[in-house]
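Next comes run_0.cif, with mmCIF, C-alpha atoms and all ligand atoms.
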data_final
#
loop_
_atom_site.group_PDB
_atom_site.id
_atom_site.type_symbol
_atom_site.label_atom_id
_atom_site.label_comp_id
_atom_site.auth_asym_id
_atom_site.auth_seq_id
_atom_site.Cartn_x
_atom_site.Cartn_y
_atom_site.Cartn_z
ATOM 1 C CA MET A 1 6.164 25.262 -17.714
ATOM 2 C CA THR A 2 8.719 23.238 -15.787
ATOM 3 C CA GLU A 3 5.962 20.973 -14.460
ATOM 4 C CA ILE A 4 4.675 20.205 -17.968
ATOM 5 C CA ALA A 5 8.187 19.337 -19.130
ATOM 6 C CA SER A 6 8.691 16.997 -16.194
ATOM 7 C CA LEU A 7 5.271 15.383 -16.728
ATOM 8 C CA ASP A 8 6.187 14.698 -20.339
ATOM 9 C CA SER A 9 9.524 13.182 -19.397
ATOM 10 C CA LEU A 10 7.920 11.088 -16.641
ATOM 11 C CA THR A 11 5.296 9.800 -19.095
ATOM 12 C CA GLU A 12 8.018 8.976 -21.604
ATOM 13 C CA LEU A 13 9.897 7.078 -18.893
ATOM 14 C CA MET A 14 6.718 5.156 -18.040
ATOM 15 C CA ALA A 15 6.095 4.339 -21.694
ATOM 16 C CA ARG A 16 9.516 2.715 -21.869
ATOM 17 C CA GLN A 17 9.222 0.712 -18.661
ATOM 18 C CA ARG A 18 9.107 -2.933 -19.714
ATOM 19 C CA ALA A 19 9.134 -6.343 -18.084
ATOM 20 C CA VAL A 20 12.820 -7.245 -18.471
ATOM 21 C CA ARG A 21 13.661 -10.933 -18.157
ATOM 22 C CA GLU A 22 17.140 -11.066 -19.674
ATOM 23 C CA PHE A 23 20.008 -9.611 -17.681
ATOM 24 C CA THR A 24 23.781 -9.318 -17.862
ATOM 25 C CA SER A 25 25.798 -10.625 -14.930
ATOM 26 C CA ASP A 26 27.142 -7.149 -14.023
ATOM 27 C CA PRO A 27 26.605 -6.326 -10.344
ATOM 28 C CA ILE A 28 24.627 -3.356 -9.025
ATOM 29 C CA ASP A 29 26.231 -0.987 -6.572
ATOM 30 C CA ASP A 30 24.668 -0.892 -3.089
ATOM 31 C CA VAL A 31 24.360 2.900 -3.277
ATOM 32 C CA LEU A 32 22.160 2.578 -6.355
ATOM 33 C CA ILE A 33 20.102 -0.227 -4.803
ATOM 34 C CA GLU A 34 19.472 1.964 -1.784
ATOM 35 C CA LYS A 35 18.380 4.913 -3.957
ATOM 36 C CA ILE A 36 15.866 2.638 -5.672
ATOM 37 C CA LEU A 37 14.586 1.373 -2.326
ATOM 38 C CA ARG A 38 14.227 4.960 -1.167
ATOM 39 C CA ALA A 39 12.071 5.711 -4.208
ATOM 40 C CA ALA A 40 9.962 2.654 -3.382
ATOM 41 C CA THR A 41 9.445 3.837 0.177
ATOM 42 C CA ARG A 42 8.121 7.242 -1.018
ATOM 43 C CA ALA A 43 4.860 5.630 -2.175
ATOM 44 C CA PRO A 44 1.504 6.234 -0.494
ATOM 45 C CA SER A 45 -0.267 3.581 1.581
ATOM 46 C CA ALA A 46 -3.669 3.374 3.249
ATOM 47 C CA LYS A 47 -3.543 5.288 6.542
ATOM 48 C CA ASN A 48 0.180 5.683 5.791
ATOM 49 C CA VAL A 49 0.816 2.252 7.339
ATOM 50 C CA GLN A 50 3.955 1.724 5.204
ATOM 51 C CA VAL A 51 3.749 -2.062 5.399
ATOM 52 C CA LEU A 52 6.265 -2.868 2.679
ATOM 53 C CA ARG A 53 9.468 -4.658 3.581
ATOM 54 C CA PHE A 54 12.205 -5.425 1.042
ATOM 55 C CA ILE A 55 14.585 -8.358 1.263
ATOM 56 C CA VAL A 56 17.490 -7.735 -1.102
ATOM 57 C CA VAL A 57 19.366 -10.895 -2.011
ATOM 58 C CA THR A 58 22.721 -10.800 -3.813
ATOM 59 C CA ASP A 59 24.597 -13.716 -2.209
ATOM 60 C CA PRO A 60 25.162 -16.319 -4.973
ATOM 61 C CA ALA A 61 24.528 -19.350 -2.729
ATOM 62 C CA ALA A 62 21.308 -17.834 -1.372
ATOM 63 C CA LYS A 63 20.136 -16.925 -4.879
ATOM 64 C CA LYS A 64 20.717 -20.504 -6.013
ATOM 65 C CA LYS A 65 18.592 -21.882 -3.187
ATOM 66 C CA LEU A 66 15.921 -19.228 -3.730
ATOM 67 C CA ALA A 67 15.777 -19.925 -7.453
ATOM 68 C CA GLU A 68 14.993 -23.567 -6.601
ATOM 69 C CA LEU A 69 12.145 -22.427 -4.369
ATOM 70 C CA VAL A 70 10.723 -19.715 -6.641
ATOM 71 C CA ASP A 71 11.654 -20.284 -10.220
ATOM 72 C CA GLU A 72 9.701 -23.293 -11.422
ATOM 73 C CA ALA A 73 10.533 -23.494 -15.111
ATOM 74 C CA PRO A 74 12.671 -20.737 -16.616
ATOM 75 C CA ALA A 75 11.168 -19.884 -20.019
ATOM 76 C CA PRO A 76 13.606 -20.278 -22.917
ATOM 77 C CA GLY A 77 15.823 -17.240 -23.311
ATOM 78 C CA ARG A 78 15.075 -15.782 -19.925
ATOM 79 C CA THR A 79 17.899 -15.472 -17.417
ATOM 80 C CA PRO A 80 17.431 -17.954 -14.547
ATOM 81 C CA TRP A 81 16.696 -15.917 -11.438
ATOM 82 C CA ASP A 82 19.825 -17.143 -9.615
ATOM 83 C CA GLU A 83 21.978 -15.621 -12.376
ATOM 84 C CA VAL A 84 20.368 -12.192 -12.006
ATOM 85 C CA PRO A 85 22.506 -9.814 -9.872
ATOM 86 C CA VAL A 86 19.785 -8.925 -7.375
ATOM 87 C CA ILE A 87 16.519 -10.530 -6.338
ATOM 88 C CA ILE A 88 14.188 -8.376 -4.267
ATOM 89 C CA PHE A 89 11.445 -10.032 -2.240
ATOM 90 C CA VAL A 90 8.696 -7.568 -1.422
ATOM 91 C CA CYS A 91 6.787 -8.532 1.711
ATOM 92 C CA ALA A 92 3.911 -7.038 3.646
ATOM 93 C CA GLU A 93 1.819 -7.662 6.683
ATOM 94 C CA ASN A 94 -1.924 -7.124 6.297
ATOM 95 C CA PRO A 95 -3.069 -4.850 9.128
ATOM 96 C CA PHE A 96 -6.492 -4.305 7.526
ATOM 97 C CA GLY A 97 -8.146 -7.755 7.652
ATOM 98 C CA MET A 98 -9.691 -9.766 4.854
ATOM 99 C CA SER A 99 -12.978 -7.891 4.397
ATOM 100 C CA ALA A 100 -13.440 -6.424 0.926
ATOM 101 C CA THR A 101 -12.376 -3.011 2.242
ATOM 102 C CA GLY A 102 -9.449 -4.504 4.172
ATOM 103 C CA SER A 103 -8.141 -6.457 1.188
ATOM 104 C CA ALA A 104 -8.394 -3.385 -1.033
ATOM 105 C CA ALA A 105 -6.485 -1.281 1.510
ATOM 106 C CA TRP A 106 -3.830 -3.983 1.809
ATOM 107 C CA GLY A 107 -3.312 -4.537 -1.938
ATOM 108 C CA GLY A 108 -3.480 -0.813 -2.504
ATOM 109 C CA SER A 109 -0.722 -0.313 0.037
ATOM 110 C CA VAL A 110 1.593 -2.776 -1.696
ATOM 111 C CA TYR A 111 1.559 -1.979 -5.410
ATOM 112 C CA PRO A 112 2.257 1.773 -5.448
ATOM 113 C CA GLY A 113 5.591 1.068 -3.723
ATOM 114 C CA ILE A 114 6.363 -1.746 -6.132
ATOM 115 C CA GLN A 115 5.647 0.471 -9.130
ATOM 116 C CA ASN A 116 7.876 3.197 -7.652
ATOM 117 C CA LEU A 117 10.636 0.610 -7.354
ATOM 118 C CA LEU A 118 10.217 -0.629 -10.939
ATOM 119 C CA LEU A 119 10.132 2.897 -12.329
ATOM 120 C CA ALA A 120 13.099 4.091 -10.280
ATOM 121 C CA ALA A 121 15.132 1.088 -11.437
ATOM 122 C CA HIS A 122 14.151 1.848 -15.027
ATOM 123 C CA ALA A 123 15.156 5.508 -14.594
ATOM 124 C CA ALA A 124 18.586 4.253 -13.498
ATOM 125 C CA GLY A 125 18.883 2.100 -16.624
ATOM 126 C CA LEU A 126 18.177 -1.149 -14.791
ATOM 127 C CA GLY A 127 15.681 -3.810 -15.796
ATOM 128 C CA THR A 128 13.148 -5.512 -13.535
ATOM 129 C CA VAL A 129 10.120 -7.714 -13.825
ATOM 130 C CA LEU A 130 7.386 -7.855 -11.225
ATOM 131 C CA THR A 131 6.555 -11.508 -10.624
ATOM 132 C CA THR A 132 3.712 -12.814 -8.520
ATOM 133 C CA SER A 133 3.200 -16.307 -9.914
ATOM 134 C CA ARG A 134 5.349 -18.997 -8.397
ATOM 135 C CA GLY A 135 4.899 -22.553 -7.185
ATOM 136 C CA LYS A 136 3.129 -22.148 -3.847
ATOM 137 C CA LEU A 137 4.039 -25.657 -2.626
ATOM 138 C CA LYS A 138 7.405 -24.444 -1.377
ATOM 139 C CA GLU A 139 6.064 -21.153 0.015
ATOM 140 C CA GLN A 140 6.699 -22.039 3.671
ATOM 141 C CA GLU A 141 10.224 -23.266 2.859
ATOM 142 C CA LEU A 142 10.816 -20.009 1.000
ATOM 143 C CA LYS A 143 9.573 -17.935 3.941
ATOM 144 C CA ASP A 144 11.646 -19.967 6.420
ATOM 145 C CA PHE A 145 14.767 -19.508 4.299
ATOM 146 C CA LEU A 146 14.244 -15.739 4.141
ATOM 147 C CA GLY A 147 13.176 -15.501 7.781
ATOM 148 C CA VAL A 148 9.814 -13.972 6.860
ATOM 149 C CA PRO A 149 7.712 -13.863 10.039
ATOM 150 C CA GLU A 150 4.287 -15.454 10.506
ATOM 151 C CA GLY A 151 1.538 -13.183 9.156
ATOM 152 C CA THR A 152 3.813 -11.480 6.621
ATOM 153 C CA HIS A 153 3.261 -12.383 2.977
ATOM 154 C CA ILE A 154 5.645 -12.368 0.047
ATOM 155 C CA ASP A 155 3.751 -10.240 -2.451
ATOM 156 C CA ALA A 156 6.287 -10.033 -5.244
ATOM 157 C CA VAL A 157 9.628 -11.344 -6.363
ATOM 158 C CA ILE A 158 11.568 -8.836 -8.449
ATOM 159 C CA PRO A 159 14.747 -9.813 -10.273
ATOM 160 C CA MET A 160 16.794 -6.687 -11.012
ATOM 161 C CA GLY A 161 19.840 -6.254 -13.227
ATOM 162 C CA TRP A 162 21.256 -4.528 -16.266
ATOM 163 C CA PRO A 163 19.149 -5.417 -19.323
ATOM 164 C CA ALA A 164 20.802 -7.785 -21.791
ATOM 165 C CA VAL A 165 18.344 -6.773 -24.516
ATOM 166 C CA LYS A 166 16.940 -3.461 -25.643
ATOM 167 C CA LEU A 167 13.137 -3.420 -25.595
ATOM 168 C CA GLY A 168 10.928 -0.864 -27.319
ATOM 169 C CA LYS A 169 8.050 1.106 -25.825
ATOM 170 C CA ASN A 170 5.375 -0.852 -23.993
ATOM 171 C CA LYS A 171 2.040 -1.503 -25.699
ATOM 172 C CA ARG A 172 -0.813 -0.005 -23.723
ATOM 173 C CA ARG A 173 -4.347 0.980 -24.677
ATOM 174 C CA PRO A 174 -4.819 4.613 -25.743
ATOM 175 C CA VAL A 175 -6.618 6.991 -23.372
ATOM 176 C CA SER A 176 -9.506 7.228 -25.854
ATOM 177 C CA GLU A 177 -10.262 3.535 -25.262
ATOM 178 C CA VAL A 178 -10.199 3.596 -21.487
ATOM 179 C CA ALA A 179 -11.333 7.033 -20.338
ATOM 180 C CA TYR A 180 -14.913 8.307 -20.283
ATOM 181 C CA ARG A 181 -16.437 11.722 -19.795
ATOM 182 C CA GLU A 182 -18.850 11.999 -16.862
ATOM 183 C CA LYS A 183 -20.399 8.521 -17.349
ATOM 184 C CA PHE A 184 -19.084 5.051 -18.131
ATOM 185 C CA GLY A 185 -19.145 4.536 -21.887
ATOM 186 C CA THR A 186 -19.337 8.214 -22.889
ATOM 187 C CA ALA A 187 -16.359 9.042 -25.081
ATOM 188 C CA TRP A 188 -13.653 11.226 -23.537
HETATM 189 C C1 LIG B 1 0.561 -7.965 -10.990
HETATM 190 C C2 LIG B 1 1.582 -8.426 -12.010
HETATM 191 C C3 LIG B 1 2.054 -9.727 -11.950
HETATM 192 C C4 LIG B 1 3.015 -10.175 -12.859
HETATM 193 N N1 LIG B 1 3.506 -11.433 -12.725
HETATM 194 C C5 LIG B 1 4.472 -11.855 -13.559
HETATM 195 C C6 LIG B 1 5.060 -13.133 -13.367
HETATM 196 O O1 LIG B 1 4.715 -13.874 -12.435
HETATM 197 N N2 LIG B 1 6.043 -13.523 -14.218
HETATM 198 C C7 LIG B 1 6.467 -12.715 -15.238
HETATM 199 O O2 LIG B 1 7.363 -13.127 -15.976
HETATM 200 N N3 LIG B 1 5.928 -11.483 -15.454
HETATM 201 C C8 LIG B 1 4.951 -11.036 -14.639
HETATM 202 N N4 LIG B 1 4.414 -9.775 -14.795
HETATM 203 C C9 LIG B 1 4.868 -8.909 -15.910
HETATM 204 C C10 LIG B 1 3.777 -8.792 -17.001
HETATM 205 O O3 LIG B 1 3.605 -10.038 -17.625
HETATM 206 C C11 LIG B 1 4.187 -7.719 -18.008
HETATM 207 O O4 LIG B 1 4.290 -6.468 -17.368
HETATM 208 C C12 LIG B 1 3.143 -7.595 -19.142
HETATM 209 O O5 LIG B 1 3.116 -8.777 -19.900
HETATM 210 C C13 LIG B 1 3.411 -6.436 -20.091
HETATM 211 O O6 LIG B 1 4.745 -6.480 -20.555
HETATM 212 P P1 LIG B 1 5.560 -5.110 -20.634
HETATM 213 O O7 LIG B 1 5.467 -4.518 -19.239
HETATM 214 O O8 LIG B 1 6.957 -5.469 -21.027
HETATM 215 O O9 LIG B 1 4.887 -4.259 -21.624
HETATM 216 C C14 LIG B 1 3.470 -9.309 -13.889
HETATM 217 C C15 LIG B 1 2.989 -7.987 -13.935
HETATM 218 C C16 LIG B 1 2.075 -7.546 -13.000
HETATM 219 C C17 LIG B 1 1.595 -6.101 -13.063
#
This entry written out as C-alpha cells:
Amino acid sequence: MTEIASLDSLTELMARQRAVREFTSDPIDDVLIEKILRAATRAPSAKNVQVLRFIVVTDPAAKKKLAELVDEAPAPGRTPWDEVPVIIFVCAENPFGMSATGSAAWGGSVYPGIQNLLLAAHAAGLGTVLTTSRGKLKEQELKDFLGVPEGTHIDAVIPMGWPAVKLGKNKRRPVSEVAYREKFGTAW
C-alpha cells in the first residue's frame, strides 16, 4: 500500500518536472545543493563506473565568464545564465570506447544521474533545465577555464535556481500511444 502511494506521488512529481528557464536571483544553500548532488550520485551506471563529475559554479565573476563561453543568444524572457544562482557542469570520461556498445554504455551512464539531479531539484522546489546545445567553438576555452582534464567531456550545463514563473504539468504522450503488448504495434 505504501509503495503504491509513493509511486503515485513520484509520478506526480515527474509530471510536474519542467524545463525552467526563468529564475529569481535568490541564492541556494550549499546544504541543499549537496543533497541534490547526492541524489544525482545514487543513479545507476554501466558496470557501476560512476563516471559523472559535477562542477558547481556560484561565483559571480566565474558565471559571467562562463555565460560568455556557453550562452550564445539568450532567448527573450529567459534569465541569462550568469544571473542564475548556480550553474552545474556535468562532465564524464568515456571508459567504454566509441563502438556502438561503448557509446551506449557511456551515454547510458550519464543521463540517469542527470535526471536524478533534475528531479531532486524539482522535489526541493528548484527549477533546472538540462542543456546540451551550446556553441562548440569555445569548447576548449570553456574546458580550460573549468579545469576539465583531457578526455573528459562536458555533457550538460544545468542552470539551477528558484523558478520565477509557475509552469503547469509537462505534456507527454500517453502510455497508450507508446507502449505495446508483446509485439511492436500491438495495442497495450
Ligand atoms: C537531452 C536534452 C537536451 C536538451 N537541451 C536543451 C538545450 O540545449 N537548451 C534548452 O533550453 N533546453 C534543452 N532541453 C530541454 C527540453 O527542450 C525540454 O525538456 C522540452 O522542450 C520539454 O519541455 P518541458 O520539460 O518543460 O516539458 C533539453 C532536454 C533534453 C532531455
Taking the file above as input, evaluate the PyMOL selection byres (((chain A and resi 122-136) around 9) and not hetatm) and report the hits as JSON, numbers by chain. {"A": [13, 14, 16, 17, 18, 19, 20, 21, 22, 23, 28, 32, 36, 69, 70, 71, 72, 114, 115, 117, 118, 119, 120, 121, 137, 138, 139, 140, 154, 155, 156, 157, 158, 159, 160, 161, 162, 163, 164]}
Record the distance separating atom C11 of ligand LIG 1 (chain B) and CA of Leu146 in chain A, expressed in Å with one decimal.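 Pair atom C11 of ligand LIG 1 (chain B) / CA of Leu146 in chain A returns 25.6 Å.
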Which one of A:Ser25, A:Ser109, A:Thr11, A:Asn170 sits closest to ligand LIG 1 (chain B) if you count all atoms listed in the file? A:Asn170
Which residue, A:Thr79, A:Ser9, A:Asn94, A:Thr58, has the smallest gap to Ser45 in chain A when you use all atoms listed in the file? A:Asn94
Please determine, counting all atoms listed in the file, which residue among A:Val110, A:Cys91, A:Leu7, A:Val148 has the shortest atom-to-atom distance to ligand LIG 1 (chain B). A:Val110
Around ligand LIG 1 (chain B), with edges along x, y and z and 5 Å added on all six sides, what centre and edge lengths do you get, in Å to one decimal, as JSON?
{"center_x": 4.0, "center_y": -9.1, "center_z": -16.3, "size_x": 16.8, "size_y": 19.6, "size_z": 20.6}
Work out how far apart CA of Trp106 in chain A and atom C1 of ligand LIG 1 (chain B) are and give it in Å to one decimal.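 These two atoms are separated by 14.1 Å.
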Which is closest to ligand LIG 1 (chain B) among A:Glu93, A:His153, A:Arg173, A:Leu37, if we use only C-alpha atoms and all ligand atoms?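 Ranked by minimum distance to ligand LIG 1 (chain B), first place goes to A:Arg173.
Between ligand LIG 1 (chain B) and the candidates A:Asp144, A:Trp81, A:Lys169, A:Pro27, the tightest atom-to-atom separation, counting only C-alpha atoms and all ligand atoms, involves A:Lys169.
The two atoms in question, CA of Ala40 in chain A and CA of Val86 in chain A, are spaced 15.7 Å apart.
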List every protein, DNA or RNA residue that has an atom no more than 10 Å from (17.0, -18.7, -4.5) in the file's coordinate frame, counting all atoms listed in the file, and report them as a PyMOL selection string. chain A and resi 57-71+81-83+87+142+145-146
I need the chosen residues saved as a short mmCIF file (atom, residue, chain, number, x, y, z; two decimals), keeping the file's coordinate frame, with C-alpha atoms.
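Just written: again-v5.cif:
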data_model
loop_
_atom_site.label_atom_id
_atom_site.label_comp_id
_atom_site.auth_asym_id
_atom_site.auth_seq_id
_atom_site.Cartn_x
_atom_site.Cartn_y
_atom_site.Cartn_z
CA VAL A 57 19.37 -10.90 -2.01
CA THR A 58 22.72 -10.80 -3.81
CA ASP A 59 24.60 -13.72 -2.21
CA PRO A 60 25.16 -16.32 -4.97
CA ALA A 61 24.53 -19.35 -2.73
CA ALA A 62 21.31 -17.83 -1.37
CA LYS A 63 20.14 -16.92 -4.88
CA LYS A 64 20.72 -20.50 -6.01
CA LYS A 65 18.59 -21.88 -3.19
CA LEU A 66 15.92 -19.23 -3.73
CA ALA A 67 15.78 -19.92 -7.45
CA GLU A 68 14.99 -23.57 -6.60
CA LEU A 69 12.14 -22.43 -4.37
CA VAL A 70 10.72 -19.72 -6.64
CA ASP A 71 11.65 -20.28 -10.22
CA TRP A 81 16.70 -15.92 -11.44
CA ASP A 82 19.82 -17.14 -9.62
CA GLU A 83 21.98 -15.62 -12.38
CA ILE A 87 16.52 -10.53 -6.34
CA LEU A 142 10.82 -20.01 1.00
CA PHE A 145 14.77 -19.51 4.30
CA LEU A 146 14.24 -15.74 4.14
#
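Each of A:Pro44, A:Pro85, A:Gly168, A:Pro174 was checked against ligand LIG 1 (chain B) using only C-alpha atoms and all ligand atoms; the smallest atom-to-atom distance is that of A:Gly168.
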Slice of the block: range 153-182 of chain A, N, CA and C atoms, as a PDB file, in the first residue's frame:
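Writing the result to result06.pdb gives the following:
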ATOM      1  N   HIS A 153      34.526  14.931 -21.000  1.00  0.00           N
ATOM      2  CA  HIS A 153      33.620  15.747 -21.805  1.00  0.00           C
ATOM      3  C   HIS A 153      32.639  16.493 -20.899  1.00  0.00           C
ATOM      4  N   ILE A 154      32.209  17.652 -21.387  1.00  0.00           N
ATOM      5  CA  ILE A 154      31.108  18.336 -20.683  1.00  0.00           C
ATOM      6  C   ILE A 154      29.824  17.880 -21.362  1.00  0.00           C
ATOM      7  N   ASP A 155      29.035  17.096 -20.646  1.00  0.00           N
ATOM      8  CA  ASP A 155      27.839  16.508 -21.252  1.00  0.00           C
ATOM      9  C   ASP A 155      26.612  17.393 -21.109  1.00  0.00           C
ATOM     10  N   ALA A 156      26.575  18.197 -20.075  1.00  0.00           N
ATOM     11  CA  ALA A 156      25.390  19.028 -19.865  1.00  0.00           C
ATOM     12  C   ALA A 156      25.749  20.249 -19.036  1.00  0.00           C
ATOM     13  N   VAL A 157      25.029  21.313 -19.309  1.00  0.00           N
ATOM     14  CA  VAL A 157      25.132  22.520 -18.496  1.00  0.00           C
ATOM     15  C   VAL A 157      23.743  22.743 -17.904  1.00  0.00           C
ATOM     16  N   ILE A 158      23.683  22.808 -16.580  1.00  0.00           N
ATOM     17  CA  ILE A 158      22.375  22.888 -15.915  1.00  0.00           C
ATOM     18  C   ILE A 158      22.299  24.123 -15.029  1.00  0.00           C
ATOM     19  N   PRO A 159      21.599  25.167 -15.493  1.00  0.00           N
ATOM     20  CA  PRO A 159      21.328  26.289 -14.604  1.00  0.00           C
ATOM     21  C   PRO A 159      20.311  25.840 -13.557  1.00  0.00           C
ATOM     22  N   MET A 160      20.495  26.288 -12.322  1.00  0.00           N
ATOM     23  CA  MET A 160      19.567  25.868 -11.253  1.00  0.00           C
ATOM     24  C   MET A 160      19.264  27.060 -10.353  1.00  0.00           C
ATOM     25  N   GLY A 161      17.986  27.276 -10.088  1.00  0.00           N
ATOM     26  CA  GLY A 161      17.595  28.388  -9.220  1.00  0.00           C
ATOM     27  C   GLY A 161      16.128  28.261  -8.850  1.00  0.00           C
ATOM     28  N   TRP A 162      15.660  29.248  -8.106  1.00  0.00           N
ATOM     29  CA  TRP A 162      14.235  29.238  -7.733  1.00  0.00           C
ATOM     30  C   TRP A 162      13.423  29.768  -8.905  1.00  0.00           C
ATOM     31  N   PRO A 163      12.387  29.035  -9.321  1.00  0.00           N
ATOM     32  CA  PRO A 163      11.632  29.436 -10.519  1.00  0.00           C
ATOM     33  C   PRO A 163      10.983  30.816 -10.350  1.00  0.00           C
ATOM     34  N   ALA A 164      11.071  31.618 -11.396  1.00  0.00           N
ATOM     35  CA  ALA A 164      10.433  32.940 -11.363  1.00  0.00           C
ATOM     36  C   ALA A 164       9.020  32.862 -11.934  1.00  0.00           C
ATOM     37  N   VAL A 165       8.696  31.720 -12.537  1.00  0.00           N
ATOM     38  CA  VAL A 165       7.355  31.541 -13.113  1.00  0.00           C
ATOM     39  C   VAL A 165       6.829  30.176 -12.678  1.00  0.00           C
ATOM     40  N   LYS A 166       5.506  30.092 -12.637  1.00  0.00           N
ATOM     41  CA  LYS A 166       4.909  28.803 -12.262  1.00  0.00           C
ATOM     42  C   LYS A 166       4.473  28.109 -13.551  1.00  0.00           C
ATOM     43  N   LEU A 167       5.007  26.922 -13.804  1.00  0.00           N
ATOM     44  CA  LEU A 167       4.653  26.195 -15.019  1.00  0.00           C
ATOM     45  C   LEU A 167       3.711  25.051 -14.672  1.00  0.00           C
ATOM     46  N   GLY A 168       2.845  24.710 -15.614  1.00  0.00           N
ATOM     47  CA  GLY A 168       1.900  23.611 -15.377  1.00  0.00           C
ATOM     48  C   GLY A 168       2.564  22.255 -15.590  1.00  0.00           C
ATOM     49  N   LYS A 169       1.745  21.224 -15.673  1.00  0.00           N
ATOM     50  CA  LYS A 169       2.274  19.872 -15.900  1.00  0.00           C
ATOM     51  C   LYS A 169       2.936  19.792 -17.274  1.00  0.00           C
ATOM     52  N   ASN A 170       3.902  18.914 -17.413  1.00  0.00           N
ATOM     53  CA  ASN A 170       4.526  18.733 -18.724  1.00  0.00           C
ATOM     54  C   ASN A 170       3.572  17.992 -19.681  1.00  0.00           C
ATOM     55  N   LYS A 171       3.827  18.158 -20.966  1.00  0.00           N
ATOM     56  CA  LYS A 171       2.975  17.489 -21.965  1.00  0.00           C
ATOM     57  C   LYS A 171       3.755  16.305 -22.519  1.00  0.00           C
ATOM     58  N   ARG A 172       3.310  15.122 -22.190  1.00  0.00           N
ATOM     59  CA  ARG A 172       3.979  13.914 -22.668  1.00  0.00           C
ATOM     60  C   ARG A 172       2.938  12.977 -23.264  1.00  0.00           C
ATOM     61  N   ARG A 173       3.378  12.133 -24.184  1.00  0.00           N
ATOM     62  CA  ARG A 173       2.452  11.207 -24.839  1.00  0.00           C
ATOM     63  C   ARG A 173       1.851  10.237 -23.816  1.00  0.00           C
ATOM     64  N   PRO A 174       0.595   9.846 -24.004  1.00  0.00           N
ATOM     65  CA  PRO A 174       0.004   8.866 -23.085  1.00  0.00           C
ATOM     66  C   PRO A 174       0.615   7.481 -23.310  1.00  0.00           C
ATOM     67  N   VAL A 175       0.559   6.656 -22.292  1.00  0.00           N
ATOM     68  CA  VAL A 175       1.100   5.289 -22.361  1.00  0.00           C
ATOM     69  C   VAL A 175       0.500   4.544 -23.551  1.00  0.00           C
ATOM     70  N   SER A 176      -0.805   4.764 -23.790  1.00  0.00           N
ATOM     71  CA  SER A 176      -1.481   4.026 -24.872  1.00  0.00           C
ATOM     72  C   SER A 176      -0.847   4.293 -26.235  1.00  0.00           C
ATOM     73  N   GLU A 177      -0.166   5.426 -26.381  1.00  0.00           N
ATOM     74  CA  GLU A 177       0.466   5.740 -27.671  1.00  0.00           C
ATOM     75  C   GLU A 177       1.858   5.140 -27.800  1.00  0.00           C
ATOM     76  N   VAL A 178       2.484   4.826 -26.683  1.00  0.00           N
ATOM     77  CA  VAL A 178       3.902   4.465 -26.763  1.00  0.00           C
ATOM     78  C   VAL A 178       4.217   3.050 -26.272  1.00  0.00           C
ATOM     79  N   ALA A 179       3.236   2.392 -25.680  1.00  0.00           N
ATOM     80  CA  ALA A 179       3.509   1.055 -25.138  1.00  0.00           C
ATOM     81  C   ALA A 179       2.758  -0.003 -25.949  1.00  0.00           C
ATOM     82  N   TYR A 180       3.388  -1.121 -26.170  1.00  0.00           N
ATOM     83  CA  TYR A 180       2.789  -2.213 -26.938  1.00  0.00           C
ATOM     84  C   TYR A 180       2.742  -3.471 -26.087  1.00  0.00           C
ATOM     85  N   ARG A 181       1.854  -4.374 -26.470  1.00  0.00           N
ATOM     86  CA  ARG A 181       1.771  -5.648 -25.757  1.00  0.00           C
ATOM     87  C   ARG A 181       2.416  -6.737 -26.617  1.00  0.00           C
ATOM     88  N   GLU A 182       3.450  -7.322 -26.099  1.00  0.00           N
ATOM     89  CA  GLU A 182       4.168  -8.450 -26.713  1.00  0.00           C
ATOM     90  C   GLU A 182       4.923  -8.095 -27.993  1.00  0.00           C
TER      91      GLU A 182
END
